[in-house]
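Below is the file input-v2.csv, which contains CSV, C-alpha atoms.
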```csv
chain,number,residue,atom,x,y,z
A,23,MET,CA,-6.8,9.5,37.9
A,24,LEU,CA,-7.9,12.9,39.3
A,25,SER,CA,-5.5,14.8,41.4
A,26,GLY,CA,-6.5,17.3,44.1
A,27,ASP,CA,-5.0,18.7,47.3
A,28,HIS,CA,-3.6,15.7,49.3
A,29,VAL,CA,-5.9,13.2,47.5
A,30,LYS,CA,-6.2,11.3,44.2
A,31,LEU,CA,-9.4,9.9,42.9
A,32,ARG,CA,-9.0,6.7,40.8
A,33,ALA,CA,-11.3,4.0,39.4
A,34,ILE,CA,-12.3,1.4,41.9
A,35,GLU,CA,-10.8,-2.0,41.3
A,36,ARG,CA,-11.8,-5.6,42.2
A,37,GLU,CA,-8.9,-5.7,44.7
A,38,ASP,CA,-10.8,-2.9,46.7
A,39,ILE,CA,-13.7,-5.2,47.5
A,40,PRO,CA,-12.4,-6.4,50.9
A,41,ARG,CA,-12.0,-2.8,52.0
A,42,PHE,CA,-15.5,-2.0,50.9
A,43,LEU,CA,-16.8,-4.9,52.9
A,44,ARG,CA,-14.9,-3.9,56.0
A,45,TRP,CA,-16.2,-0.3,55.8
A,46,LEU,CA,-19.8,-1.1,54.9
A,47,ASN,CA,-20.2,-3.7,57.6
A,48,ASP,CA,-18.8,-1.4,60.3
A,49,PRO,CA,-21.7,0.2,62.2
A,50,GLU,CA,-19.6,3.3,63.1
A,51,VAL,CA,-19.2,4.0,59.4
A,52,THR,CA,-22.7,3.1,58.2
A,53,ARG,CA,-24.2,5.3,61.0
A,54,TYR,CA,-23.5,8.2,58.6
A,55,LEU,CA,-24.8,6.5,55.5
A,56,THR,CA,-28.3,5.8,54.3
A,57,MET,CA,-27.4,2.1,53.7
A,58,TYR,CA,-27.9,-0.2,56.7
A,59,MET,CA,-28.0,-3.8,55.7
A,60,PRO,CA,-24.9,-6.0,56.2
A,61,LEU,CA,-23.2,-7.0,52.9
A,62,SER,CA,-21.8,-10.4,51.9
A,63,ARG,CA,-18.8,-10.7,49.6
A,64,ASP,CA,-21.1,-12.1,46.9
A,65,GLU,CA,-23.4,-9.1,47.1
A,66,GLU,CA,-20.5,-6.7,46.9
A,67,GLU,CA,-19.0,-8.6,43.9
A,68,ARG,CA,-22.3,-8.4,42.1
A,69,TRP,CA,-22.6,-4.7,42.9
A,70,PHE,CA,-19.0,-4.2,41.6
A,71,GLU,CA,-19.8,-5.9,38.3
A,72,GLU,CA,-23.0,-3.8,37.9
A,73,GLN,CA,-20.9,-0.6,38.3
A,74,LEU,CA,-18.8,-1.5,35.2
A,75,GLN,CA,-22.0,-1.3,33.1
A,76,ASP,CA,-23.8,1.6,34.7
A,77,ARG,CA,-23.3,4.9,32.7
A,78,SER,CA,-25.5,6.8,35.3
A,79,ARG,CA,-23.0,6.3,38.1
A,80,LYS,CA,-19.2,6.8,38.6
A,81,ILE,CA,-17.6,5.6,41.8
A,82,LEU,CA,-14.0,6.5,42.5
A,83,ALA,CA,-11.6,5.4,45.2
A,84,ILE,CA,-10.1,8.2,47.4
A,85,GLU,CA,-6.3,7.7,47.9
A,86,ILE,CA,-4.1,9.9,50.1
A,87,GLU,CA,-0.6,11.0,49.0
A,88,ALA,CA,0.9,7.9,50.5
A,89,GLY,CA,-1.2,5.8,48.2
A,90,GLU,CA,-3.6,4.4,50.9
A,91,HIS,CA,-7.2,3.9,49.8
A,92,ILE,CA,-9.3,5.6,52.6
A,93,GLY,CA,-12.7,5.9,51.0
A,94,ASN,CA,-14.9,6.3,48.0
A,95,ILE,CA,-16.7,9.1,46.3
A,96,SER,CA,-19.3,9.0,43.6
A,97,LEU,CA,-21.5,10.8,41.2
A,98,GLU,CA,-24.7,8.8,40.9
A,99,ASP,CA,-28.1,9.2,39.1
A,100,ILE,CA,-26.3,11.2,36.5
A,101,ASP,CA,-28.9,13.0,34.3
A,102,TRP,CA,-27.1,13.9,31.1
A,103,LYS,CA,-30.0,15.8,29.7
A,104,ASN,CA,-30.5,18.1,32.7
A,105,ARG,CA,-26.8,18.0,33.6
A,106,TYR,CA,-26.9,17.1,37.3
A,107,ALA,CA,-25.8,14.2,39.5
A,108,THR,CA,-26.0,13.1,43.1
A,109,LEU,CA,-22.8,13.1,45.2
A,110,GLY,CA,-22.0,10.4,47.7
A,111,ILE,CA,-18.9,9.9,49.8
A,112,VAL,CA,-17.6,7.6,52.5
A,113,ILE,CA,-14.3,7.9,54.4
A,114,GLY,CA,-14.1,4.3,55.5
A,115,GLU,CA,-10.8,4.5,57.3
A,116,LYS,CA,-11.9,6.1,60.5
A,117,ARG,CA,-8.4,7.3,61.5
A,118,TYR,CA,-8.7,9.8,58.7
A,119,TRP,CA,-12.0,11.3,59.8
A,120,GLY,CA,-11.9,15.0,60.5
A,121,LYS,CA,-8.5,15.5,58.7
A,122,GLY,CA,-9.8,17.3,55.6
A,123,TYR,CA,-9.6,14.4,53.2
A,124,GLY,CA,-13.3,14.4,52.5
A,125,THR,CA,-13.3,18.1,51.7
A,126,ALA,CA,-10.3,17.7,49.4
A,127,ALA,CA,-12.1,14.7,47.6
A,128,VAL,CA,-15.4,16.7,47.2
A,129,ARG,CA,-13.6,19.7,45.8
A,130,THR,CA,-11.6,17.5,43.4
A,131,LEU,CA,-14.8,15.7,42.2
A,132,LEU,CA,-16.7,19.0,41.8
A,133,ARG,CA,-13.9,20.3,39.6
A,134,PHE,CA,-14.3,17.2,37.4
A,135,ALA,CA,-18.1,17.4,37.5
A,136,PHE,CA,-18.3,21.0,36.3
A,137,GLU,CA,-15.2,21.3,34.1
A,138,GLU,CA,-15.0,17.9,32.5
A,139,MET,CA,-18.5,16.4,32.7
A,140,ASN,CA,-20.1,19.8,32.0
A,141,LEU,CA,-22.7,19.3,34.8
A,142,ASN,CA,-24.7,22.3,36.0
A,143,ARG,CA,-25.7,21.0,39.4
A,144,VAL,CA,-24.4,18.5,42.0
A,145,GLN,CA,-26.8,17.6,44.8
A,146,LEU,CA,-26.7,15.3,47.9
A,147,THR,CA,-28.6,14.4,51.0
A,148,VAL,CA,-27.1,14.2,54.4
A,149,ILE,CA,-28.5,12.8,57.7
A,150,ASP,CA,-29.3,15.7,60.0
A,151,TYR,CA,-26.9,14.6,62.8
A,152,ASN,CA,-23.9,14.3,60.5
A,153,GLU,CA,-22.5,17.7,61.4
A,154,ARG,CA,-19.0,17.0,60.2
A,155,ALA,CA,-20.3,16.2,56.7
A,156,ARG,CA,-22.6,19.2,56.6
A,157,ARG,CA,-19.6,21.5,57.5
A,158,CYS,CA,-17.6,19.9,54.8
A,159,TYR,CA,-20.3,20.4,52.2
A,160,ARG,CA,-20.8,24.1,53.2
A,161,ARG,CA,-17.0,24.7,52.9
A,162,CYS,CA,-17.2,23.3,49.4
A,163,GLY,CA,-20.0,25.7,48.5
A,164,PHE,CA,-23.1,23.6,48.9
A,165,VAL,CA,-26.3,25.3,50.0
A,166,GLU,CA,-29.1,23.7,52.1
A,167,GLU,CA,-32.2,23.5,50.0
A,168,GLY,CA,-34.7,21.8,52.2
A,169,THR,CA,-35.4,18.9,54.6
A,170,ALA,CA,-37.1,15.6,54.1
A,171,ARG,CA,-38.6,15.3,57.6
A,172,GLN,CA,-38.1,12.0,59.4
A,173,ALA,CA,-37.0,10.3,56.1
A,174,HIS,CA,-34.2,8.2,57.7
A,175,HIS,CA,-34.6,5.6,60.5
A,176,THR,CA,-31.6,4.5,62.5
A,177,GLY,CA,-31.0,3.6,66.1
A,178,GLY,CA,-34.8,3.3,66.8
A,179,ARG,CA,-35.4,6.9,65.8
A,180,PHE,CA,-36.4,8.9,62.8
A,181,HIS,CA,-34.1,11.6,61.5
A,182,ASP,CA,-34.4,14.3,58.9
A,183,LEU,CA,-32.5,14.2,55.6
A,184,VAL,CA,-31.1,17.5,54.5
A,185,TRP,CA,-31.0,18.3,50.8
A,186,MET,CA,-28.0,20.3,49.6
A,187,SER,CA,-26.7,21.4,46.2
A,188,ILE,CA,-24.2,23.5,44.4
A,189,LEU,CA,-24.6,25.0,41.0
A,190,ARG,CA,-21.8,25.5,38.5
A,191,GLU,CA,-22.1,29.3,38.7
A,192,GLU,CA,-21.7,29.1,42.5
A,193,TRP,CA,-18.7,26.8,42.2
A,194,GLU,CA,-17.1,29.2,39.6
A,195,LYS,CA,-17.4,32.1,42.1
A,196,GLN,CA,-15.3,30.3,44.7
```
I need this file expressed as structure tokens, please.
Amino acid sequence: MLSGDHVKLRAIEREDIPRFLRWLNDPEVTRYLTMYMPLSRDEEERWFEEQLQDRSRKILAIEIEAGEHIGNISLEDIDWKNRYATLGIVIGEKRYWGKGYGTAAVRTLLRFAFEEMNLNRVQLTVIDYNERARRCYRRCGFVEEGTARQAHHTGGRFHDLVWMSILREEWEKQ
């Protein structure tokens, strides 16, 4: 378990699957994610089993101090040779949106990525209209690198994806 300010990051468990399904089948939640297809329990259970074998990805549950599981955070596409990974996060429990738990989880995961995994770079993409997430990432030290124009389609419109990253040296200066 990884401890941070007001959050703990732990391994995901099979018992978490019903929460994953509720979150990932909620259009308000998925509006901010690049995934968009409804998920069945069978699909989610197959995905969970695949995660146990995949060394290029680590998905962790975000728990608040009271022990409630409110979301997930991940390092994916881990490139051990070039020492970088792609960060993903979802706060699925909407009543905790905008309360700083995402920022705390990102900071906790960055500490682990740079200090324990010896990564040099953590990157991510964010949909252009997700201002709350972009502010969170900036607070955590991420820098906008570029834009993939009209790379995401939702709600009948195309939106840009913004590429952001943080390097170990930038993280160490914080």
* To do: Excluding stretch 141-155 of chain A and any residue of its chain fewer than 6 positions from it, enumerate the residues within 6 Å of it, using only C-alpha atoms, and give them as a PyMOL selection string.
  => chain A and resi 105-109+135+182-190
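The coordinates place atom CA of A:Cys158 at 9.3 Å from atom CA of A:Ala126.
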* 9 Å contact set for A:Asp48, all atoms listed in the file, chain neighbours under 5 positions out, as a list in words ->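 Counting only the stated atoms, we get Leu43, Arg53, Pro60 and Gly114 of chain A.
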Taking all atoms listed in the file into account, produce a table as JSON lines in which each residue of stretch 36-87 of chain A with an atom at most 12 Å from an atom of stretch 163-178 of chain A appears once, together with its shortest atom pair and the distance in Å to one decimal, ordered by chain and rising number.
```
{"residue": "A:Pro49", "atom": "CA", "partner": "A:Gly177", "partner_atom": "CA", "distance": 10.6}
{"residue": "A:Glu50", "atom": "CA", "partner": "A:Gly177", "partner_atom": "CA", "distance": 11.8}
{"residue": "A:Thr52", "atom": "CA", "partner": "A:Thr176", "partner_atom": "CA", "distance": 10.0}
{"residue": "A:Arg53", "atom": "CA", "partner": "A:Thr176", "partner_atom": "CA", "distance": 7.6}
{"residue": "A:Tyr54", "atom": "CA", "partner": "A:Thr176", "partner_atom": "CA", "distance": 9.7}
{"residue": "A:Leu55", "atom": "CA", "partner": "A:His174", "partner_atom": "CA", "distance": 9.8}
{"residue": "A:Thr56", "atom": "CA", "partner": "A:His174", "partner_atom": "CA", "distance": 7.2}
{"residue": "A:Met57", "atom": "CA", "partner": "A:His174", "partner_atom": "CA", "distance": 10.0}
{"residue": "A:Tyr58", "atom": "CA", "partner": "A:Thr176", "partner_atom": "CA", "distance": 8.3}
{"residue": "A:Met59", "atom": "CA", "partner": "A:Thr176", "partner_atom": "CA", "distance": 11.3}
```
* Would you be able to write out as a PyMOL selection string which residues have an atom within 12 Å of (-20.6, -9.4, 50.0) in the file's coordinates, counting only C-alpha atoms? => chain A and resi 39-47+59-70
* d(atom CA of A:Arg36, atom CA of A:Ala83) in Å ->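 That distance, rounded to one decimal, is 11.4 Å.
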* To do: Pick out the residues sitting within 9 Å of A:Leu132, and hand them over as a list in words; count all atoms listed in the file, and ignore anything fewer than 4 positions along from it in its own chain.
  =>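 Selected residues are Ala127, Val128, Phe136, Glu137, Val144, Cys162, Arg190 and Trp193 of chain A.
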* Asked: For A:Arg161, which residue among A:Glu85, A:Arg133, A:Gly120, A:Thr125 is the nearest when counting only C-alpha atoms?
  ->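 Ranked by minimum distance to A:Arg161, first place goes to A:Thr125.
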* Selected residue of minimal separation from A:Gly26 among A:Gly122, A:Phe180, A:Ile113, A:Leu74, counting all atoms listed in the file ->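 Closest residue, counting all atoms listed in the file: A:Gly122.
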* atom CA of A:Leu82 and atom CA of A:Leu31 are how many Å apart? ->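 Those two atoms sit 5.7 Å apart.
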* Nearest candidate to A:Leu131 (options A:Ile34, A:Val112, A:Ile100, A:Ile95; using all atoms listed in the file) ->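 Smallest separation from A:Leu131 among the options: A:Ile95.
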* Asked: Counting only C-alpha atoms, which of A:Ile81, A:Met139, A:Ile86, A:Ile92 gets nearest to A:Lys116?
  ->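 Using only C-alpha atoms, the shortest distance to A:Lys116 belongs to A:Ile92.
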* Asked: Which one of A:Arg179, A:Lys80, A:Lys103, A:Lys121 sits closest to A:His28 if you count only C-alpha atoms?
  ->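 Nearest candidate to A:His28 out of A:Arg179, A:Lys80, A:Lys103, A:Lys121: A:Lys121.
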* Please check which residues have atoms at most 9 Å from (-0.3, 9.9, 45.9) in the file's coordinates, counting all atoms listed in the file, and write them as a count of residues only. => 10
Since the input is missing atoms, can you rebuild N, CA and C atoms for stretch 102-135 of chain A and write them as a CSV table (one decimal), in the frame of the given file?
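Saved result, out-v8.csv, follows:
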```csv
chain,number,residue,atom,x,y,z
A,102,TRP,N,-27.8,13.2,32.1
A,102,TRP,CA,-27.1,13.9,31.1
A,102,TRP,C,-27.9,15.0,30.4
A,103,LYS,N,-29.2,14.8,30.3
A,103,LYS,CA,-30.0,15.8,29.7
A,103,LYS,C,-30.1,17.1,30.5
A,104,ASN,N,-30.4,16.9,31.8
A,104,ASN,CA,-30.5,18.1,32.7
A,104,ASN,C,-29.2,18.5,33.4
A,105,ARG,N,-28.2,17.7,33.2
A,105,ARG,CA,-26.8,18.0,33.6
A,105,ARG,C,-26.7,18.1,35.1
A,106,TYR,N,-27.2,17.1,35.8
A,106,TYR,CA,-26.9,17.1,37.3
A,106,TYR,C,-26.6,15.7,37.7
A,107,ALA,N,-26.1,15.5,38.9
A,107,ALA,CA,-25.8,14.2,39.5
A,107,ALA,C,-25.9,14.4,41.0
A,108,THR,N,-25.9,13.2,41.7
A,108,THR,CA,-26.0,13.1,43.1
A,108,THR,C,-24.6,12.6,43.7
A,109,LEU,N,-24.1,13.4,44.6
A,109,LEU,CA,-22.8,13.1,45.2
A,109,LEU,C,-23.0,12.2,46.4
A,110,GLY,N,-22.1,11.2,46.5
A,110,GLY,CA,-22.0,10.4,47.7
A,110,GLY,C,-20.6,10.2,48.1
A,111,ILE,N,-20.3,10.1,49.4
A,111,ILE,CA,-18.9,9.9,49.8
A,111,ILE,C,-18.9,9.1,51.1
A,112,VAL,N,-17.9,8.3,51.3
A,112,VAL,CA,-17.6,7.6,52.5
A,112,VAL,C,-16.1,7.6,52.7
A,113,ILE,N,-15.7,8.1,53.9
A,113,ILE,CA,-14.3,7.9,54.4
A,113,ILE,C,-14.4,6.6,55.3
A,114,GLY,N,-14.0,5.5,54.8
A,114,GLY,CA,-14.1,4.3,55.5
A,114,GLY,C,-13.0,4.0,56.6
A,115,GLU,N,-11.9,4.6,56.3
A,115,GLU,CA,-10.8,4.5,57.3
A,115,GLU,C,-10.9,5.5,58.3
A,116,LYS,N,-11.5,5.1,59.5
A,116,LYS,CA,-11.9,6.1,60.5
A,116,LYS,C,-10.7,6.9,61.1
A,117,ARG,N,-9.5,6.5,61.0
A,117,ARG,CA,-8.4,7.3,61.5
A,117,ARG,C,-8.2,8.5,60.7
A,118,TYR,N,-8.8,8.6,59.5
A,118,TYR,CA,-8.7,9.8,58.7
A,118,TYR,C,-9.9,10.7,58.7
A,119,TRP,N,-10.8,10.4,59.6
A,119,TRP,CA,-12.0,11.3,59.8
A,119,TRP,C,-11.5,12.6,60.4
A,120,GLY,N,-12.1,13.7,59.9
A,120,GLY,CA,-11.9,15.0,60.5
A,120,GLY,C,-10.5,15.6,60.1
A,121,LYS,N,-9.9,15.1,59.1
A,121,LYS,CA,-8.5,15.5,58.7
A,121,LYS,C,-8.5,16.3,57.4
A,122,GLY,N,-9.7,16.5,56.8
A,122,GLY,CA,-9.8,17.3,55.6
A,122,GLY,C,-9.8,16.5,54.3
A,123,TYR,N,-9.6,15.2,54.4
A,123,TYR,CA,-9.6,14.4,53.2
A,123,TYR,C,-10.9,14.4,52.4
A,124,GLY,N,-12.0,14.4,53.2
A,124,GLY,CA,-13.3,14.4,52.5
A,124,GLY,C,-13.5,15.7,51.8
A,125,THR,N,-13.2,16.8,52.4
A,125,THR,CA,-13.3,18.1,51.7
A,125,THR,C,-12.5,18.1,50.5
A,126,ALA,N,-11.2,17.7,50.6
A,126,ALA,CA,-10.3,17.7,49.4
A,126,ALA,C,-10.9,16.8,48.3
A,127,ALA,N,-11.5,15.6,48.6
A,127,ALA,CA,-12.1,14.7,47.6
A,127,ALA,C,-13.3,15.4,47.0
A,128,VAL,N,-14.2,16.0,47.8
A,128,VAL,CA,-15.4,16.7,47.2
A,128,VAL,C,-14.9,17.8,46.3
A,129,ARG,N,-14.0,18.6,46.7
A,129,ARG,CA,-13.6,19.7,45.8
A,129,ARG,C,-13.0,19.1,44.5
A,130,THR,N,-12.2,18.1,44.6
A,130,THR,CA,-11.6,17.5,43.4
A,130,THR,C,-12.7,16.9,42.5
A,131,LEU,N,-13.7,16.3,43.0
A,131,LEU,CA,-14.8,15.7,42.2
A,131,LEU,C,-15.7,16.8,41.6
A,132,LEU,N,-15.9,17.9,42.4
A,132,LEU,CA,-16.7,19.0,41.8
A,132,LEU,C,-16.0,19.6,40.6
A,133,ARG,N,-14.7,19.8,40.7
A,133,ARG,CA,-13.9,20.3,39.6
A,133,ARG,C,-14.1,19.5,38.4
A,134,PHE,N,-14.0,18.2,38.5
A,134,PHE,CA,-14.3,17.2,37.4
A,134,PHE,C,-15.7,17.3,36.9
A,135,ALA,N,-16.7,17.3,37.8
A,135,ALA,CA,-18.1,17.4,37.5
A,135,ALA,C,-18.4,18.6,36.6
```
